[in-house]
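Okay, so here's the structure we're looking at.
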Amino acid sequence: MKAIIQRVTKASVTVGEEQISSIGRGLCVLLGISAEDTQKDAEYMVRKILNLRVFEDENGRAWSHSVMDKELEVLCVSQFTLQCILKGNKPDFHLAMPAELAQPFYNNILEQMKSAYKPELIKDGQFGAYMQVQIQNDGPVTIHLESPTKPTDAKQLSKLEKQQQRKEKTRPKGSSESGREKGALRSKADPNASSGAEGDVSSEREP
């Protein structure tokens with residue numbers, strides 16, 4: 001799960017011509033839910049958002065108080081585009097949780113926030129709607145937050161697998177992996193010959 005947390009003097013959400021939510025000083029949270037997020041991710045994000053120290057104390061000392069310490073408002077807006085990866089220049093959102101699953105998951109996060117804080121100080125956008133979000137950033141202060149459990153990018157996983165395969169190919173081979181006689185003879189006859197093909201075969205045959 002990813003969040004962009006902004007300290008604001010005010011923020012609001014408009015759908016069509018109607019303003020559906022607004023806050024004064026506090027936090028505006030853009031929240032992107034991934035397909036692999038769990039209840040642990042939700043609990044982590046709620047705890048961090050509400051306890052993030054981005055406000056001054058009564059003596060003006062910065063980074064001392066959380067939104068709860070100051071009894072300020074929170075505006076939370078669902079933002080699946082935070083789960084974007086790029087294919088060339090085109091955004092791809094396959095890592096985002098599907099809407100039919102994300103909506104109850106998101107609503108549960110809001111309920112957790114209300115339960116941990118004051119329900120009347122937790123505001124929301126409109127899930128799935130085309131929203132206009134007005135944010136007056138204070139500072140500016142913007143924090144990027146991710147839960148510890150990150151979604152697995154298929155390309156990244158493939159890259160890691162290839163790196164592991166290369167490590168296996170370069171490992172010293174035991175007597176059982178000395179290979180076919182032809183491959184050994186070819187290497188002796190031509191020391192400059194590439195052994196890549198034989199390496200591929202022996203690697204694939206490893207248990």
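Following the order of the structure tokens, chains are lettered A, B, ..., residues in each are numbered from 1, and ligands are numbered from 1.
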Nearby residues (only C-alpha atoms) at most 9 Å from A:His94, same-chain spacing under 5 positions excluded, as number ranges by chain: A: 34-35, 83-85
Next, write the just-selected residues to a file, as a PDB file, in the first residue's frame, keeping C-alpha atoms as the atom set.
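See selection_3.pdb below for the written result:
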```pdb
ATOM      1  CA  SER A  34      -2.290  -2.902  -4.127  1.00  0.00           C
ATOM      2  CA  ALA A  35      -3.700  -6.298  -5.099  1.00  0.00           C
ATOM      3  CA  GLN A  83       0.103   1.716  -7.906  1.00  0.00           C
ATOM      4  CA  CYS A  84       1.155   2.645 -11.439  1.00  0.00           C
ATOM      5  CA  ILE A  85       4.129   1.100 -13.195  1.00  0.00           C
TER       6      ILE A  85
END
```
Exercise: stretch 18-24 of chain A partners within 8 Å, only C-alpha atoms, chain neighbours under 2 positions left out, as a PDB file with N, CA and C atoms, in the first residue's frame:
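Contents of result-v9.pdb, as written:
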```
ATOM      1  N   VAL A   8      -1.709  20.169   5.225  1.00  0.00           N
ATOM      2  CA  VAL A   8      -2.472  21.179   4.496  1.00  0.00           C
ATOM      3  C   VAL A   8      -3.056  22.226   5.433  1.00  0.00           C
ATOM      4  N   THR A   9      -3.302  23.412   4.873  1.00  0.00           N
ATOM      5  CA  THR A   9      -4.074  24.423   5.589  1.00  0.00           C
ATOM      6  C   THR A   9      -5.560  24.231   5.295  1.00  0.00           C
ATOM      7  N   LYS A  10      -5.848  23.646   4.105  1.00  0.00           N
ATOM      8  CA  LYS A  10      -7.211  23.258   3.767  1.00  0.00           C
ATOM      9  C   LYS A  10      -7.177  22.325   2.556  1.00  0.00           C
ATOM     10  N   ALA A  11      -8.223  21.540   2.407  1.00  0.00           N
ATOM     11  CA  ALA A  11      -8.343  20.632   1.261  1.00  0.00           C
ATOM     12  C   ALA A  11      -9.812  20.295   1.071  1.00  0.00           C
ATOM     13  N   SER A  12     -10.172  19.971  -0.161  1.00  0.00           N
ATOM     14  CA  SER A  12     -11.575  19.649  -0.448  1.00  0.00           C
ATOM     15  C   SER A  12     -11.680  18.725  -1.650  1.00  0.00           C
ATOM     16  N   VAL A  13     -12.822  18.051  -1.751  1.00  0.00           N
ATOM     17  CA  VAL A  13     -13.104  17.155  -2.875  1.00  0.00           C
ATOM     18  C   VAL A  13     -14.427  17.573  -3.501  1.00  0.00           C
ATOM     19  N   THR A  14     -14.412  17.734  -4.826  1.00  0.00           N
ATOM     20  CA  THR A  14     -15.611  18.088  -5.581  1.00  0.00           C
ATOM     21  C   THR A  14     -15.890  17.022  -6.615  1.00  0.00           C
ATOM     22  N   VAL A  15     -17.142  16.601  -6.719  1.00  0.00           N
ATOM     23  CA  VAL A  15     -17.578  15.664  -7.762  1.00  0.00           C
ATOM     24  C   VAL A  15     -18.643  16.375  -8.583  1.00  0.00           C
ATOM     25  N   GLY A  16     -18.373  16.540  -9.883  1.00  0.00           N
ATOM     26  CA  GLY A  16     -19.274  17.352 -10.703  1.00  0.00           C
ATOM     27  C   GLY A  16     -19.196  18.791 -10.230  1.00  0.00           C
ATOM     28  N   GLY A  26      -4.776  20.213   8.646  1.00  0.00           N
ATOM     29  CA  GLY A  26      -4.660  18.794   8.952  1.00  0.00           C
ATOM     30  C   GLY A  26      -3.862  18.061   7.903  1.00  0.00           C
ATOM     31  N   LEU A  72      -6.532  17.723  14.746  1.00  0.00           N
ATOM     32  CA  LEU A  72      -6.822  18.287  13.427  1.00  0.00           C
ATOM     33  C   LEU A  72      -7.546  17.253  12.563  1.00  0.00           C
ATOM     34  N   GLU A  73      -7.911  17.680  11.349  1.00  0.00           N
ATOM     35  CA  GLU A  73      -8.717  16.825  10.473  1.00  0.00           C
ATOM     36  C   GLU A  73      -7.853  16.033   9.486  1.00  0.00           C
ATOM     37  N   VAL A  74      -8.447  14.952   8.962  1.00  0.00           N
ATOM     38  CA  VAL A  74      -7.815  14.123   7.939  1.00  0.00           C
ATOM     39  C   VAL A  74      -8.796  13.942   6.790  1.00  0.00           C
ATOM     40  N   LEU A  75      -8.333  14.246   5.579  1.00  0.00           N
ATOM     41  CA  LEU A  75      -9.120  13.977   4.373  1.00  0.00           C
ATOM     42  C   LEU A  75      -8.423  12.850   3.611  1.00  0.00           C
ATOM     43  N   LYS A 123     -12.505  12.630   7.175  1.00  0.00           N
ATOM     44  CA  LYS A 123     -13.337  12.909   5.998  1.00  0.00           C
ATOM     45  C   LYS A 123     -12.881  12.053   4.821  1.00  0.00           C
ATOM     46  N   ASP A 124     -13.712  12.010   3.768  1.00  0.00           N
ATOM     47  CA  ASP A 124     -13.473  11.086   2.660  1.00  0.00           C
ATOM     48  C   ASP A 124     -13.861  11.733   1.339  1.00  0.00           C
ATOM     49  N   GLY A 125     -13.285  11.211   0.261  1.00  0.00           N
ATOM     50  CA  GLY A 125     -13.726  11.593  -1.075  1.00  0.00           C
ATOM     51  C   GLY A 125     -14.909  10.714  -1.465  1.00  0.00           C
ATOM     52  N   GLN A 126     -14.989  10.350  -2.742  1.00  0.00           N
ATOM     53  CA  GLN A 126     -16.043   9.440  -3.220  1.00  0.00           C
ATOM     54  C   GLN A 126     -15.387   8.350  -4.047  1.00  0.00           C
TER      55      GLN A 126
END
```
Selected residue of minimal separation from A:Ile122 among A:Ala99, A:Asp92, A:Val77, A:Pro104, counting only C-alpha atoms: A:Val77
Pick from A:Glu111, A:Glu17, A:Glu36, A:Asp57, whichever lies nearest to A:Pro98 using only C-alpha atoms: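 Closest to A:Pro98 of all the choices is A:Glu36.
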All strand (DSSP E or B) residues (DSSP, backbone) inside stretch 46-135 of chain A, as a list of chain:residue names: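 Answer for stretch 46-135 of chain A restricted to strand (DSSP E or B) is A:Phe55, A:His65, A:Glu73, A:Val74, A:Leu75, A:Cys76, A:Val77, A:Ser78, A:Ile85, A:Leu86, A:Lys87, A:Lys90, A:Pro91, A:Asp92, A:Ala96, A:Ile122, A:Lys123, A:Asp124, A:Met131, A:Gln132, A:Val133, A:Gln134, A:Ile135.
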Those of stretch 7-65 of chain A in DSSP alpha helix (DSSP H), formatted as a list in words: Gln39, Lys40, Asp41, Ala42, Glu43, Tyr44, Met45, Val46, Arg47, Lys48, Ile49, Leu50 and Asn51 of chain A
